[in-house]
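Engineer: Structure in structure tokens, see below.
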Amino acid sequence: MIRTFFRHLLESIKSLKRNGWMTVASVSAVTITLSLVGVFMAVIINATKLAEDIESNVDVSVFIEYGTKQPEIDALEKELKGLDDVKGVKFSSADAELEKIKKSMGPKWDLFDEDSNPLYDVFVVSTTDPKQTKHVAKEAGELENVYKADYGGLESEKIFKISEVVKTWGLAAAALLLFVAMFLISNTIRITIISRQREIQIMRLVGAKNGYIRWPFFLEGGWIGLIGSLIPVALMVFGYQKVYEILNPILLRSNYSMVKPGDFSLQISLVLVAVGFVIGSLGSVMSMRRFLKA
């Protein structure tokens with residue numbers, strides 16, 4: 001059994017050499033396909049991560065009416081804490097809000113001093129479930145001494161929709177690319193089978209089983225897929241690290257982040273190698289069915 005396997009393995013490697021240019025064409029097709037698949041996967045995973053970060057960072061800002069006295073502010077805080085699905089309530093004064101804007105917008109906001117500060121005192125309300133922010137904002141906006149309650153709903157919903165579109169179309173494009181690669185590998189194996197058709201017929205006449213005949217071609221397709229996955233793996237390991245170093249500091253300014261390279265690179269590399277082998281082997285199986293009965 002082991003001796004037979006190694007014979008098939010050696011035969012599959014020889015077949016790769018015999019079909020030189022077709023092997024190169026198939027390997028190139030797999031390389032390009034898996035590179036694009038890897039990029040799509042990176043975009044999809046990070047789009048999902050960004051949507052989750054945005055969802056988890058969405059709070060309800062409850063702006064307090066001008067002229068509201070401290071006892072009324074304290075009473076409003078108790079009312080907010082008593083609302084359903086509220087996890088926490090944090091007070092931020094108008095002066096504190098102005099300082100935040102100065103840090104993010106720069107010196108031009110220095111033209112407002114404490115006496116001319118146009119901002120509102122605000123309660124920042126966090127919810128037990130991000131999906132409840134809209135409901136909590138609506139209830140908070142109806143309370144006394146509240147100017148308005150805002151949760152950035154429109155922007156957040158737009159980002160969630162964009163994320164869903166990226167995931168849907170990204171997966172569809174990746175599936176299409178994998179099908180194209182499988183088709184090209186299938187054609188390469190088919191040419192090999194045609195060139196060895198007489199040999200295959202002789203093997204069948206002397207009693208060789210279909211499984212024995214299939215193995216070298218199955219392994220040849222697997223080799224094409226594995227070799228074609230090497231460059232995409234390198235691209236994901238080294239390329240993603242560089243992209244992470246450039247983009248992640250920018251996202252961190254808004255309390256968002258990309259998926260860390262360590263675990264991501266390892267997981268996506270294993271996926272690409274596995275996918276390469278699978279589409280190579282399946283391409284081989286597709287070709288063999290035309291010549292051998294299952």
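Chain identifiers are assigned as A, B, and so on, following the order in which chains appear in the structure tokens; residues are numbered from 1 within each chain, and ligands are numbered from 1 in order of appearance.
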May I have the residues within 12 Å of segment 78-82 of chain A as a PyMOL selection string, using only C-alpha atoms and disregarding those fewer than 2 positions away in the same chain?

Structural biologist: chain A and resi 60-62+71-76+84-91+122-128+136-146+149

Engineer: Which residues are near Val273 of chain A? Cut-off 10 Å, only C-alpha atoms, ignore same chain within fewer than 3 positions. Put them as a ChimeraX atom specification.

Structural biologist: /A:34,225-230,232-233,268-270,276-278

Engineer: Would you mind exporting the chosen residues as an mmCIF file, in the first residue's frame, restricted to C-alpha atoms?

Structural biologist:
data_model
loop_
_atom_site.group_PDB
_atom_site.id
_atom_site.type_symbol
_atom_site.label_atom_id
_atom_site.label_comp_id
_atom_site.auth_asym_id
_atom_site.auth_seq_id
_atom_site.Cartn_x
_atom_site.Cartn_y
_atom_site.Cartn_z
ATOM 1 C CA LEU A 34 -5.813 32.355 -4.858
ATOM 2 C CA GLY A 225 -2.940 23.505 -6.424
ATOM 3 C CA LEU A 226 -0.266 23.368 -3.724
ATOM 4 C CA ILE A 227 2.441 24.976 -5.878
ATOM 5 C CA GLY A 228 -0.003 27.644 -6.991
ATOM 6 C CA SER A 229 -0.782 28.514 -3.354
ATOM 7 C CA LEU A 230 2.817 29.396 -2.397
ATOM 8 C CA PRO A 232 -0.633 33.834 -2.356
ATOM 9 C CA VAL A 233 0.481 32.569 1.063
ATOM 10 C CA ILE A 268 -5.649 32.373 5.919
ATOM 11 C CA SER A 269 -2.435 30.650 4.790
ATOM 12 C CA LEU A 270 -3.774 27.263 5.883
ATOM 13 C CA GLY A 276 -5.386 25.074 -3.564
ATOM 14 C CA PHE A 277 -5.088 21.328 -2.990
ATOM 15 C CA VAL A 278 -8.862 20.796 -3.078
#
